$ cat coords_19.cif   # mmCIF, C-alpha atoms, pLDDT in the B column; chains and numbers go by the auth columns
data_entry
#
loop_
_atom_site.group_PDB
_atom_site.id
_atom_site.type_symbol
_atom_site.label_atom_id
_atom_site.label_comp_id
_atom_site.label_asym_id
_atom_site.label_seq_id
_atom_site.Cartn_x
_atom_site.Cartn_y
_atom_site.Cartn_z
_atom_site.B_iso_or_equiv
_atom_site.auth_seq_id
_atom_site.auth_asym_id
ATOM 1 C CA MET A 1 192.503 -17.767 -60.613 84.00 120 A
ATOM 2 C CA ASN A 2 193.138 -15.693 -57.474 94.00 121 A
ATOM 3 C CA PHE A 3 191.037 -15.929 -54.308 95.00 122 A
ATOM 4 C CA ARG A 4 188.785 -12.991 -55.198 95.00 123 A
ATOM 5 C CA GLU A 5 187.988 -14.500 -58.590 94.00 124 A
ATOM 6 C CA LYS A 6 187.246 -17.858 -56.958 96.00 125 A
ATOM 7 C CA VAL A 7 184.835 -16.227 -54.520 97.00 126 A
ATOM 8 C CA LEU A 8 182.938 -14.360 -57.232 96.00 127 A
ATOM 9 C CA CYS A 9 182.825 -17.511 -59.373 96.00 128 A
ATOM 10 C CA VAL A 10 181.331 -19.582 -56.528 97.00 129 A
ATOM 11 C CA VAL A 11 178.778 -16.922 -55.623 97.00 130 A
ATOM 12 C CA SER A 12 177.727 -16.466 -59.258 97.00 131 A
ATOM 13 C CA GLN A 13 176.679 -20.132 -59.332 97.00 132 A
ATOM 14 C CA ILE A 14 174.344 -20.051 -56.302 98.00 133 A
ATOM 15 C CA PRO A 15 170.853 -20.773 -57.705 97.00 134 A
ATOM 16 C CA ARG A 16 167.883 -18.448 -57.239 96.00 135 A
ATOM 17 C CA GLY A 17 165.999 -19.212 -54.045 96.00 136 A
ATOM 18 C CA ARG A 18 169.083 -20.708 -52.397 97.00 137 A
ATOM 19 C CA PHE A 19 171.842 -19.300 -50.217 97.00 138 A
ATOM 20 C CA LEU A 20 175.230 -20.237 -48.789 98.00 139 A
ATOM 21 C CA SER A 21 177.064 -18.962 -45.733 97.00 140 A
ATOM 22 C CA TYR A 22 180.299 -16.985 -45.954 97.00 141 A
ATOM 23 C CA LYS A 23 181.955 -20.012 -44.350 97.00 142 A
ATOM 24 C CA GLU A 24 180.604 -22.358 -47.022 97.00 143 A
ATOM 25 C CA VAL A 25 181.846 -20.054 -49.786 97.00 144 A
ATOM 26 C CA ALA A 26 185.319 -19.978 -48.187 97.00 145 A
ATOM 27 C CA ARG A 27 185.352 -23.780 -48.018 97.00 146 A
ATOM 28 C CA LEU A 28 184.350 -24.099 -51.675 97.00 147 A
ATOM 29 C CA CYS A 29 187.251 -21.765 -52.488 95.00 148 A
ATOM 30 C CA GLN A 30 189.606 -24.182 -50.672 93.00 149 A
ATOM 31 C CA ASN A 31 190.316 -21.764 -47.818 93.00 150 A
ATOM 32 C CA LYS A 32 187.844 -22.477 -45.027 88.00 151 A
ATOM 33 C CA LYS A 33 189.521 -19.985 -42.673 91.00 152 A
ATOM 34 C CA ALA A 34 189.028 -17.039 -45.047 94.00 153 A
ATOM 35 C CA VAL A 35 185.477 -16.212 -43.939 95.00 154 A
ATOM 36 C CA ARG A 36 186.229 -12.570 -43.233 95.00 155 A
ATOM 37 C CA ALA A 37 188.020 -12.225 -46.573 96.00 156 A
ATOM 38 C CA VAL A 38 184.939 -13.565 -48.370 96.00 157 A
ATOM 39 C CA ALA A 39 182.753 -11.001 -46.598 95.00 158 A
ATOM 40 C CA ASN A 40 185.128 -8.168 -47.514 95.00 159 A
ATOM 41 C CA ILE A 41 185.248 -9.210 -51.168 95.00 160 A
ATOM 42 C CA LEU A 42 181.467 -9.346 -51.452 95.00 161 A
ATOM 43 C CA SER A 43 180.955 -6.054 -49.620 92.00 162 A
ATOM 44 C CA LYS A 44 183.095 -4.317 -52.233 91.00 163 A
ATOM 45 C CA ASN A 45 181.683 -6.066 -55.283 89.00 164 A
ATOM 46 C CA LYS A 46 180.058 -3.706 -57.792 87.00 165 A
ATOM 47 C CA CYS A 47 179.133 -6.224 -60.493 89.00 166 A
ATOM 48 C CA PRO A 48 175.312 -6.480 -60.631 89.00 167 A
ATOM 49 C CA THR A 49 175.436 -10.012 -62.064 92.00 168 A
ATOM 50 C CA ILE A 50 177.122 -11.417 -58.940 95.00 169 A
ATOM 51 C CA PRO A 51 174.286 -12.285 -56.498 97.00 170 A
ATOM 52 C CA CYS A 52 176.031 -11.259 -53.279 96.00 171 A
ATOM 53 C CA HIS A 53 172.695 -11.245 -51.456 97.00 172 A
ATOM 54 C CA ARG A 54 172.692 -15.060 -51.653 98.00 173 A
ATOM 55 C CA VAL A 55 175.484 -15.278 -49.079 98.00 174 A
ATOM 56 C CA ILE A 56 174.490 -15.047 -45.403 98.00 175 A
ATOM 57 C CA LYS A 57 176.088 -15.515 -41.991 97.00 176 A
ATOM 58 C CA SER A 58 176.906 -18.968 -40.636 95.00 177 A
ATOM 59 C CA ASP A 59 174.248 -18.598 -37.935 96.00 178 A
ATOM 60 C CA GLY A 60 171.555 -18.216 -40.595 97.00 179 A
ATOM 61 C CA GLU A 61 171.061 -14.474 -40.172 97.00 180 A
ATOM 62 C CA VAL A 62 171.240 -12.381 -43.340 97.00 181 A
ATOM 63 C CA GLY A 63 174.056 -10.078 -42.229 95.00 182 A
ATOM 64 C CA GLY A 64 175.042 -6.939 -44.081 93.00 183 A
ATOM 65 C CA TYR A 65 174.652 -6.086 -47.737 94.00 184 A
ATOM 66 C CA GLN A 66 176.530 -3.691 -49.996 90.00 185 A
ATOM 67 C CA GLY A 67 178.974 -2.990 -47.199 89.00 186 A
ATOM 68 C CA SER A 68 176.454 -2.046 -44.509 91.00 187 A
ATOM 69 C CA LEU A 69 174.196 -3.694 -41.943 92.00 188 A
ATOM 70 C CA LYS A 70 171.679 -0.948 -42.729 94.00 189 A
ATOM 71 C CA ASN A 71 170.976 -2.753 -46.011 95.00 190 A
ATOM 72 C CA SER A 72 170.087 -6.084 -44.376 96.00 191 A
ATOM 73 C CA TRP A 73 166.404 -5.476 -45.144 97.00 192 A
ATOM 74 C CA LYS A 74 167.161 -5.238 -48.871 97.00 193 A
ATOM 75 C CA LYS A 75 169.138 -8.465 -48.777 97.00 194 A
ATOM 76 C CA ALA A 76 166.196 -10.218 -47.127 98.00 195 A
ATOM 77 C CA ALA A 77 163.812 -8.734 -49.699 98.00 196 A
ATOM 78 C CA LEU A 78 165.914 -9.960 -52.633 98.00 197 A
ATOM 79 C CA LEU A 79 166.131 -13.460 -51.173 98.00 198 A
ATOM 80 C CA LEU A 80 162.358 -13.557 -50.668 98.00 199 A
ATOM 81 C CA ARG A 81 161.737 -12.322 -54.214 98.00 200 A
ATOM 82 C CA GLU A 82 163.786 -15.222 -55.560 98.00 201 A
ATOM 83 C CA GLY A 83 161.893 -17.872 -53.605 98.00 202 A
ATOM 84 C CA ALA A 84 163.937 -18.259 -50.418 98.00 203 A
ATOM 85 C CA ILE A 85 162.032 -18.611 -47.143 98.00 204 A
ATOM 86 C CA GLY A 86 162.902 -16.422 -44.193 98.00 205 A
ATOM 87 C CA VAL A 87 161.857 -15.500 -40.677 98.00 206 A
ATOM 88 C CA VAL A 88 161.147 -11.782 -40.927 97.00 207 A
ATOM 89 C CA PRO A 89 159.734 -9.220 -38.474 95.00 208 A
ATOM 90 C CA THR A 90 156.253 -8.196 -39.583 92.00 209 A
ATOM 91 C CA ASP A 91 154.115 -5.369 -38.251 88.00 210 A
ATOM 92 C CA THR A 92 152.726 -7.720 -35.599 85.00 211 A
ATOM 93 C CA ILE A 93 155.122 -10.613 -34.781 91.00 212 A
ATOM 94 C CA TYR A 94 157.907 -12.586 -36.452 95.00 213 A
ATOM 95 C CA GLY A 95 156.571 -14.418 -39.487 96.00 214 A
ATOM 96 C CA ILE A 96 157.971 -17.246 -41.568 97.00 215 A
ATOM 97 C CA CYS A 97 157.629 -15.578 -44.951 98.00 216 A
ATOM 98 C CA GLY A 98 157.742 -16.701 -48.542 98.00 217 A
ATOM 99 C CA LYS A 99 156.590 -15.724 -52.004 98.00 218 A
ATOM 100 C CA ALA A 100 152.799 -16.047 -52.167 98.00 219 A
ATOM 101 C CA LEU A 101 152.743 -16.531 -55.941 98.00 220 A
ATOM 102 C CA ASP A 102 155.146 -19.497 -55.804 98.00 221 A
ATOM 103 C CA LYS A 103 153.296 -22.750 -55.058 98.00 222 A
ATOM 104 C CA LYS A 104 156.459 -24.669 -54.097 98.00 223 A
ATOM 105 C CA VAL A 105 157.417 -21.994 -51.568 98.00 224 A
ATOM 106 C CA VAL A 106 153.942 -21.989 -50.021 98.00 225 A
ATOM 107 C CA GLU A 107 153.857 -25.777 -49.724 97.00 226 A
ATOM 108 C CA LYS A 108 157.292 -25.811 -48.089 97.00 227 A
ATOM 109 C CA ILE A 109 156.108 -23.344 -45.449 98.00 228 A
ATOM 110 C CA TYR A 110 153.137 -25.603 -44.695 97.00 229 A
ATOM 111 C CA SER A 111 155.602 -28.461 -44.255 97.00 230 A
ATOM 112 C CA LEU A 112 158.038 -26.484 -42.092 97.00 231 A
ATOM 113 C CA ARG A 113 155.282 -25.257 -39.770 97.00 232 A
ATOM 114 C CA LYS A 114 153.488 -28.629 -39.751 94.00 233 A
ATOM 115 C CA ARG A 115 150.445 -26.514 -40.495 90.00 234 A
ATOM 116 C CA SER A 116 147.018 -28.002 -41.133 91.00 235 A
ATOM 117 C CA PRO A 117 146.697 -28.252 -44.940 91.00 236 A
ATOM 118 C CA ASN A 118 143.149 -26.870 -44.813 91.00 237 A
ATOM 119 C CA LYS A 119 144.058 -23.536 -43.184 92.00 238 A
ATOM 120 C CA PRO A 120 144.948 -20.625 -45.513 95.00 239 A
ATOM 121 C CA MET A 121 147.705 -18.206 -44.522 95.00 240 A
ATOM 122 C CA VAL A 122 147.594 -14.418 -44.274 95.00 241 A
ATOM 123 C CA ILE A 123 149.222 -12.643 -47.225 98.00 242 A
ATOM 124 C CA LEU A 124 151.082 -9.349 -46.837 98.00 243 A
ATOM 125 C CA VAL A 125 150.824 -6.816 -49.680 98.00 244 A
ATOM 126 C CA ALA A 126 152.593 -3.531 -50.385 98.00 245 A
ATOM 127 C CA SER A 127 149.497 -1.777 -51.704 97.00 246 A
ATOM 128 C CA LYS A 128 145.844 -2.320 -52.485 96.00 247 A
ATOM 129 C CA ASP A 129 146.830 -2.688 -56.147 96.00 248 A
ATOM 130 C CA ASP A 130 148.573 -5.994 -55.315 98.00 249 A
ATOM 131 C CA LEU A 131 145.148 -7.609 -54.811 97.00 250 A
ATOM 132 C CA SER A 132 144.680 -7.695 -58.586 96.00 251 A
ATOM 133 C CA GLN A 133 147.481 -10.285 -58.803 97.00 252 A
ATOM 134 C CA PHE A 134 145.061 -12.688 -57.109 97.00 253 A
ATOM 135 C CA GLY A 135 142.153 -11.892 -59.425 95.00 254 A
ATOM 136 C CA ILE A 136 140.354 -9.865 -56.766 95.00 255 A
ATOM 137 C CA LYS A 137 137.967 -7.101 -57.806 94.00 256 A
ATOM 138 C CA LEU A 138 136.769 -4.975 -54.934 96.00 257 A
ATOM 139 C CA THR A 139 133.191 -3.792 -54.547 96.00 258 A
ATOM 140 C CA LYS A 140 132.576 -0.194 -53.464 96.00 259 A
ATOM 141 C CA TRP A 141 131.658 -1.466 -50.002 96.00 260 A
ATOM 142 C CA GLN A 142 134.893 -3.430 -49.694 96.00 261 A
ATOM 143 C CA GLN A 143 136.921 -0.468 -50.916 96.00 262 A
ATOM 144 C CA LYS A 144 135.296 1.709 -48.267 95.00 263 A
ATOM 145 C CA ILE A 145 136.213 -0.802 -45.551 95.00 264 A
ATOM 146 C CA LEU A 146 139.834 -1.014 -46.731 96.00 265 A
ATOM 147 C CA GLU A 147 140.154 2.763 -46.735 95.00 266 A
ATOM 148 C CA LYS A 148 139.259 2.716 -43.028 94.00 267 A
ATOM 149 C CA VAL A 149 141.332 -0.228 -41.794 94.00 268 A
ATOM 150 C CA TRP A 150 144.424 -0.158 -44.066 96.00 269 A
ATOM 151 C CA PRO A 151 147.281 0.244 -43.527 95.00 270 A
ATOM 152 C CA GLY A 152 147.237 -1.370 -40.126 91.00 271 A
ATOM 153 C CA GLU A 153 147.117 -4.535 -38.049 90.00 272 A
ATOM 154 C CA ILE A 154 143.891 -5.821 -39.576 93.00 273 A
ATOM 155 C CA SER A 155 143.864 -8.667 -42.093 95.00 274 A
ATOM 156 C CA VAL A 156 140.814 -8.696 -44.339 97.00 275 A
ATOM 157 C CA VAL A 157 139.265 -11.788 -45.889 98.00 276 A
ATOM 158 C CA LEU A 158 138.238 -11.347 -49.523 98.00 277 A
ATOM 159 C CA PRO A 159 136.710 -13.740 -52.082 96.00 278 A
ATOM 160 C CA CYS A 160 139.267 -15.626 -54.182 96.00 279 A
ATOM 161 C CA PRO A 161 137.487 -18.468 -55.966 93.00 280 A
ATOM 162 C CA LEU A 162 139.998 -19.037 -58.785 95.00 281 A
ATOM 163 C CA GLN A 163 141.226 -22.633 -58.976 95.00 282 A
ATOM 164 C CA LYS A 164 144.807 -21.585 -59.794 96.00 283 A
ATOM 165 C CA PHE A 165 145.033 -20.103 -56.292 97.00 284 A
ATOM 166 C CA SER A 166 143.706 -23.230 -54.568 97.00 285 A
ATOM 167 C CA TYR A 167 147.187 -23.841 -53.120 97.00 286 A
ATOM 168 C CA LEU A 168 146.607 -20.586 -51.213 97.00 287 A
ATOM 169 C CA HIS A 169 142.903 -20.669 -50.362 97.00 288 A
ATOM 170 C CA ARG A 170 142.974 -24.437 -49.650 96.00 289 A
ATOM 171 C CA GLY A 171 139.422 -24.892 -50.899 94.00 290 A
ATOM 172 C CA GLN A 172 138.039 -22.018 -48.826 94.00 291 A
ATOM 173 C CA LYS A 173 137.794 -19.796 -51.941 95.00 292 A
ATOM 174 C CA SER A 174 138.797 -16.762 -49.921 96.00 293 A
ATOM 175 C CA LEU A 175 142.087 -15.244 -48.746 97.00 294 A
ATOM 176 C CA ALA A 176 143.171 -12.942 -45.926 97.00 295 A
ATOM 177 C CA PHE A 177 145.346 -9.957 -46.864 98.00 296 A
ATOM 178 C CA ARG A 178 147.071 -7.289 -44.796 96.00 297 A
ATOM 179 C CA LEU A 179 148.639 -3.991 -45.816 97.00 298 A
ATOM 180 C CA PRO A 180 151.162 -3.197 -43.043 95.00 299 A
ATOM 181 C CA LYS A 181 151.524 0.252 -41.591 92.00 300 A
ATOM 182 C CA ASN A 182 155.237 -0.311 -40.969 91.00 301 A
ATOM 183 C CA GLN A 183 156.971 1.441 -43.869 92.00 302 A
ATOM 184 C CA HIS A 184 160.125 -0.640 -43.454 92.00 303 A
ATOM 185 C CA LEU A 185 158.107 -3.801 -44.095 95.00 304 A
ATOM 186 C CA VAL A 186 156.294 -2.179 -47.019 97.00 305 A
ATOM 187 C CA GLU A 187 159.655 -1.459 -48.666 97.00 306 A
ATOM 188 C CA ILE A 188 160.531 -5.153 -48.350 97.00 307 A
ATOM 189 C CA LEU A 189 157.200 -6.075 -49.944 98.00 308 A
ATOM 190 C CA LYS A 190 157.769 -3.682 -52.851 98.00 309 A
ATOM 191 C CA ILE A 191 160.849 -5.695 -53.772 98.00 310 A
ATOM 192 C CA ALA A 192 159.775 -9.187 -52.724 98.00 311 A
ATOM 193 C CA GLY A 193 156.149 -9.049 -53.862 98.00 312 A
ATOM 194 C CA PRO A 194 153.196 -10.407 -51.838 98.00 313 A
ATOM 195 C CA LEU A 195 154.297 -12.764 -49.054 98.00 314 A
ATOM 196 C CA VAL A 196 152.534 -15.443 -47.072 98.00 315 A
ATOM 197 C CA ALA A 197 153.421 -14.652 -43.473 96.00 316 A
ATOM 198 C CA PRO A 198 152.134 -17.030 -40.789 95.00 317 A
ATOM 199 C CA SER A 199 153.662 -16.697 -37.343 94.00 318 A
ATOM 200 C CA ALA A 200 157.171 -18.136 -36.920 96.00 319 A
ATOM 201 C CA ASN A 201 156.403 -21.324 -35.009 96.00 320 A
ATOM 202 C CA ILE A 202 155.378 -24.911 -35.416 96.00 321 A
ATOM 203 C CA GLU A 203 151.594 -25.080 -35.374 93.00 322 A
ATOM 204 C CA GLY A 204 150.394 -25.323 -31.790 92.00 323 A
ATOM 205 C CA GLU A 205 153.631 -23.932 -30.337 95.00 324 A
ATOM 206 C CA LYS A 206 154.310 -20.424 -29.058 94.00 325 A
ATOM 207 C CA PRO A 207 155.141 -17.829 -31.773 94.00 326 A
ATOM 208 C CA ALA A 208 158.829 -16.877 -31.737 96.00 327 A
ATOM 209 C CA GLU A 209 159.557 -13.587 -29.995 95.00 328 A
ATOM 210 C CA ILE A 210 163.308 -13.748 -30.626 96.00 329 A
ATOM 211 C CA ILE A 211 165.319 -15.266 -33.459 97.00 330 A
ATOM 212 C CA SER A 212 166.868 -17.994 -31.304 96.00 331 A
ATOM 213 C CA GLN A 213 163.366 -19.383 -30.702 97.00 332 A
ATOM 214 C CA ALA A 214 162.657 -19.394 -34.447 97.00 333 A
ATOM 215 C CA LYS A 215 165.940 -21.212 -35.057 97.00 334 A
ATOM 216 C CA ARG A 216 164.832 -23.971 -32.717 97.00 335 A
ATOM 217 C CA TYR A 217 161.739 -24.406 -34.871 97.00 336 A
ATOM 218 C CA PHE A 218 163.256 -24.204 -38.349 97.00 337 A
ATOM 219 C CA GLY A 219 167.031 -24.680 -38.065 96.00 338 A
ATOM 220 C CA GLU A 220 168.995 -24.207 -41.282 94.00 339 A
ATOM 221 C CA GLU A 221 165.976 -24.532 -43.571 94.00 340 A
ATOM 222 C CA VAL A 222 165.420 -20.755 -43.717 98.00 341 A
ATOM 223 C CA PHE A 223 167.265 -17.460 -43.304 98.00 342 A
ATOM 224 C CA TYR A 224 166.697 -15.010 -40.446 98.00 343 A
ATOM 225 C CA TYR A 225 166.309 -11.241 -40.424 97.00 344 A
ATOM 226 C CA ASN A 226 166.904 -10.331 -36.798 95.00 345 A
ATOM 227 C CA LYS A 227 165.317 -7.181 -35.375 92.00 346 A
ATOM 228 C CA GLY A 228 165.540 -8.116 -31.716 91.00 347 A
ATOM 229 C CA ARG A 229 162.681 -9.143 -29.466 90.00 348 A
ATOM 230 C CA ILE A 230 159.183 -8.673 -30.861 88.00 349 A
ATOM 231 C CA VAL A 231 156.378 -9.157 -28.369 76.00 350 A
ATOM 232 C CA GLY A 232 153.241 -8.544 -30.344 78.00 351 A
ATOM 233 C CA PHE A 233 149.858 -9.980 -31.180 79.00 352 A
ATOM 234 C CA PRO A 234 148.566 -11.675 -34.321 82.00 353 A
ATOM 235 C CA SER A 235 146.513 -9.426 -36.570 86.00 354 A
ATOM 236 C CA THR A 236 142.782 -9.021 -36.211 91.00 355 A
ATOM 237 C CA ILE A 237 141.042 -10.913 -39.029 93.00 356 A
ATOM 238 C CA LEU A 238 138.021 -9.196 -40.556 96.00 357 A
ATOM 239 C CA ASP A 239 135.809 -11.072 -43.026 96.00 358 A
ATOM 240 C CA ILE A 240 134.419 -8.761 -45.734 96.00 359 A
ATOM 241 C CA THR A 241 133.536 -11.415 -48.283 95.00 360 A
ATOM 242 C CA LYS A 242 129.926 -10.370 -47.776 92.00 361 A
ATOM 243 C CA LYS A 243 127.809 -8.051 -45.642 90.00 362 A
ATOM 244 C CA PRO A 244 127.836 -7.645 -42.736 92.00 363 A
ATOM 245 C CA ALA A 245 131.552 -7.642 -41.976 92.00 364 A
ATOM 246 C CA ARG A 246 132.576 -10.086 -39.221 92.00 365 A
ATOM 247 C CA ILE A 247 135.608 -10.276 -36.931 92.00 366 A
ATOM 248 C CA LEU A 248 136.928 -13.842 -37.162 89.00 367 A
ATOM 249 C CA ARG A 249 139.927 -13.364 -34.885 86.00 368 A
ATOM 250 C CA LYS A 250 140.562 -10.729 -32.248 81.00 369 A
ATOM 251 C CA GLY A 251 144.161 -9.608 -32.386 71.00 370 A
ATOM 252 C CA LYS A 252 145.670 -6.422 -30.997 62.00 371 A
ATOM 253 C CA ILE A 253 142.796 -4.413 -32.450 58.00 372 A
ATOM 254 C CA LYS A 254 139.704 -5.756 -30.704 51.00 373 A
ATOM 255 C CA LYS A 255 137.117 -3.691 -32.512 55.00 374 A
ATOM 256 C CA ALA A 256 137.465 -2.720 -36.168 48.00 375 A
ATOM 257 C CA VAL A 257 135.923 0.430 -37.601 52.00 376 A
ATOM 258 C CA ILE A 258 133.712 -1.182 -40.208 52.00 377 A
ATOM 259 C CA CYS A 259 130.596 0.967 -40.482 46.00 378 A
#
$ encode --input "coords_19.cif" --output "structure tokens"
Amino acid sequence: MNFREKVLCVVSQIPRGRFLSYKEVARLCQNKKAVRAVANILSKNKCPTIPCHRVIKSDGEVGGYQGSLKNSWKKAALLLREGAIGVVPTDTIYGICGKALDKKVVEKIYSLRKRSPNKPMVILVASKDDLSQFGIKLTKWQQKILEKVWPGEISVVLPCPLQKFSYLHRGQKSLAFRLPKNQHLVEILKIAGPLVAPSANIEGEKPAEIISQAKRYFGEEVFYYNKGRIVGFPSTILDITKKPARILRKGKIKKAVIC
């Protein structure tokens, strides 16, 4: 078996939801100095059954995909879809993101952030239609509100009483959702599916503005999609579980158009 075949064999055995670095793949192929060669082999691979997206840079950042750094977003999206956890730029700040419909992923994020187990997390969706995956049926009043505030930096709280989603609503029987305005993020969500996306920090600490700060919080436990410094504000949270609508948290948008 030549080196290329060894590389593709190793990569084909990386489980869903997991990832290795190019350096780790080179080591498993008994040539720990051949990191660049591993990257070149994977960038040229055309076989769809070889999960090249499961190989990232040694510093934890996703790196390029399909031969180009421009495809890094797609690599991150594929990893998230499979159950990996990553620090990803949202439309507001860096978030530590994971698959909302995977209980194990959600619980791991609670553990990583040392988050209070009673506090639900905001969920990002690619469209209003994604709400149906959580058993949510909108009233005409709620639909009217969403038409005014989405897409944008407003998270809306909606009723979600189903017991099977208790790992998300944490007994509150409601969930906060946000449809981002950033089209780049929406494209990630179309591939990955709905994502829980709390800020990238340990609870009580300052949200990460740059990836190096996030790495200090989470180390090698997650991957990183680096888009430079993001100095933003958490989303405004608007409760529309019942009339009248109420602002629960003032983010960048201080006053929501809710009438």
$ resolve_selection --input "coords_19.cif" --expression "the PyMOL selection byres ((chain A and resi 182-197) around 6)" --output "MDAnalysis selection string"
chainID A and resid 162 172 175:176 180:181 198:200 307 310:311
$ resolve_selection --input "coords_19.cif" --expression "the PyMOL selection byres ((chain A and resi 214) around 7)" --output "ChimeraX atom specification"
/A:206-209,212-213,215-216,316-319
$ residues_around --input "coords_19.cif" --residues "Lys309 of chain A" --least-positions-apart "5" --cutoff "10 Å" --atoms "only C-alpha atoms" --output "list of chain:residue names"
A:Ala196, A:Arg200, A:Val244, A:Ala245, A:Ser246, A:Asp249, A:Leu304
$ resolve_selection --input "coords_19.cif" --expression "the PyMOL selection byres ((chain A and resi 328-331) around 12)" --output "NGL selection string"
:A and (178-181 or 205-209 or 211-215 or 318-320 or 324-327 or 332-339 or 341-353)
$ closest_residue --input "coords_19.cif" --among "A:Lys142, A:Lys267, A:Lys247, A:Lys163" --to "Val305 of chain A" --atoms "only C-alpha atoms"
A:Lys247
$ atom_distance --input "coords_19.cif" --atom1 "atom CA of Ile321 of chain A" --atom2 "atom CA of Lys218 of chain A"
19.0 Å
$ residues_near_point --input "coords_19.cif" --point "(156.6, -16.3, -49.3)" --cutoff "8 Å" --atoms "all atoms listed in the file" --output "list in words"
Leu199, Gly202, Ala203, Ile204, Ile215, Cys216, Gly217, Lys218, Ala219, Leu220, Asp221, Val224, Val225, Pro313, Leu314, Val315 and Ala316 of chain A
$ closest_residue --input "coords_19.cif" --among "A:Leu298, A:Val241, A:Val276, A:Leu281" --to "Leu357 of chain A" --atoms "all atoms listed in the file"
A:Val276
$ residues_around --input "coords_19.cif" --residues "segment 256-262 of chain A" --least-positions-apart "2" --cutoff "10 Å" --atoms "only C-alpha atoms" --output "list in words"
Lys247, Leu250, Ser251, Phe253, Gly254, Ile264, Leu265, Glu266, Lys267, Val275, Leu277, Pro278, Cys279, Ile359, Thr360, Lys361, Lys362, Ala364, Ile377 and Cys378 of chain A
$ build_atoms --input "coords_19.cif" --residues "segment 298-315 of chain A" --atoms "N, CA and C atoms" --output "PDB file, in the coordinates of the input"
ATOM      1  N   LEU A 298     147.733  -5.051 -45.376  1.00 97.00           N
ATOM      2  CA  LEU A 298     148.639  -3.991 -45.816  1.00 97.00           C
ATOM      3  C   LEU A 298     149.257  -3.392 -44.558  1.00 97.00           C
ATOM      4  N   PRO A 299     150.539  -3.668 -44.289  1.00 95.00           N
ATOM      5  CA  PRO A 299     151.162  -3.197 -43.043  1.00 95.00           C
ATOM      6  C   PRO A 299     151.292  -1.683 -42.993  1.00 95.00           C
ATOM      7  N   LYS A 300     151.291  -1.176 -41.801  1.00 92.00           N
ATOM      8  CA  LYS A 300     151.524   0.252 -41.591  1.00 92.00           C
ATOM      9  C   LYS A 300     153.013   0.554 -41.508  1.00 92.00           C
ATOM     10  N   ASN A 301     153.792  -0.459 -41.115  1.00 91.00           N
ATOM     11  CA  ASN A 301     155.237  -0.311 -40.969  1.00 91.00           C
ATOM     12  C   ASN A 301     155.886  -0.096 -42.335  1.00 91.00           C
ATOM     13  N   GLN A 302     156.436   1.098 -42.557  1.00 92.00           N
ATOM     14  CA  GLN A 302     156.971   1.441 -43.869  1.00 92.00           C
ATOM     15  C   GLN A 302     158.188   0.601 -44.230  1.00 92.00           C
ATOM     16  N   HIS A 303     158.962   0.215 -43.230  1.00 92.00           N
ATOM     17  CA  HIS A 303     160.125  -0.640 -43.454  1.00 92.00           C
ATOM     18  C   HIS A 303     159.690  -1.957 -44.083  1.00 92.00           C
ATOM     19  N   LEU A 304     158.636  -2.547 -43.561  1.00 95.00           N
ATOM     20  CA  LEU A 304     158.107  -3.801 -44.095  1.00 95.00           C
ATOM     21  C   LEU A 304     157.519  -3.602 -45.485  1.00 95.00           C
ATOM     22  N   VAL A 305     156.861  -2.476 -45.697  1.00 97.00           N
ATOM     23  CA  VAL A 305     156.294  -2.179 -47.019  1.00 97.00           C
ATOM     24  C   VAL A 305     157.394  -2.109 -48.072  1.00 97.00           C
ATOM     25  N   GLU A 306     158.540  -1.530 -47.724  1.00 97.00           N
ATOM     26  CA  GLU A 306     159.655  -1.459 -48.666  1.00 97.00           C
ATOM     27  C   GLU A 306     160.153  -2.860 -49.024  1.00 97.00           C
ATOM     28  N   ILE A 307     160.173  -3.756 -48.063  1.00 97.00           N
ATOM     29  CA  ILE A 307     160.531  -5.153 -48.350  1.00 97.00           C
ATOM     30  C   ILE A 307     159.536  -5.759 -49.323  1.00 97.00           C
ATOM     31  N   LEU A 308     158.249  -5.514 -49.093  1.00 98.00           N
ATOM     32  CA  LEU A 308     157.200  -6.075 -49.944  1.00 98.00           C
ATOM     33  C   LEU A 308     157.247  -5.516 -51.362  1.00 98.00           C
ATOM     34  N   LYS A 309     157.661  -4.272 -51.512  1.00 98.00           N
ATOM     35  CA  LYS A 309     157.769  -3.682 -52.851  1.00 98.00           C
ATOM     36  C   LYS A 309     158.785  -4.421 -53.698  1.00 98.00           C
ATOM     37  N   ILE A 310     159.824  -4.929 -53.056  1.00 98.00           N
ATOM     38  CA  ILE A 310     160.849  -5.695 -53.772  1.00 98.00           C
ATOM     39  C   ILE A 310     160.463  -7.166 -53.884  1.00 98.00           C
ATOM     40  N   ALA A 311     160.034  -7.748 -52.775  1.00 98.00           N
ATOM     41  CA  ALA A 311     159.775  -9.187 -52.724  1.00 98.00           C
ATOM     42  C   ALA A 311     158.472  -9.596 -53.385  1.00 98.00           C
ATOM     43  N   GLY A 312     157.482  -8.687 -53.407  1.00 98.00           N
ATOM     44  CA  GLY A 312     156.149  -9.049 -53.862  1.00 98.00           C
ATOM     45  C   GLY A 312     155.327  -9.571 -52.703  1.00 98.00           C
ATOM     46  N   PRO A 313     154.056  -9.911 -52.914  1.00 98.00           N
ATOM     47  CA  PRO A 313     153.196 -10.407 -51.838  1.00 98.00           C
ATOM     48  C   PRO A 313     153.800 -11.637 -51.162  1.00 98.00           C
ATOM     49  N   LEU A 314     153.695 -11.682 -49.835  1.00 98.00           N
ATOM     50  CA  LEU A 314     154.297 -12.764 -49.054  1.00 98.00           C
ATOM     51  C   LEU A 314     153.263 -13.428 -48.155  1.00 98.00           C
ATOM     52  N   VAL A 315     153.261 -14.758 -48.140  1.00 98.00           N
ATOM     53  CA  VAL A 315     152.534 -15.443 -47.072  1.00 98.00           C
ATOM     54  C   VAL A 315     153.353 -15.241 -45.808  1.00 98.00           C
TER      55      VAL A 315
END
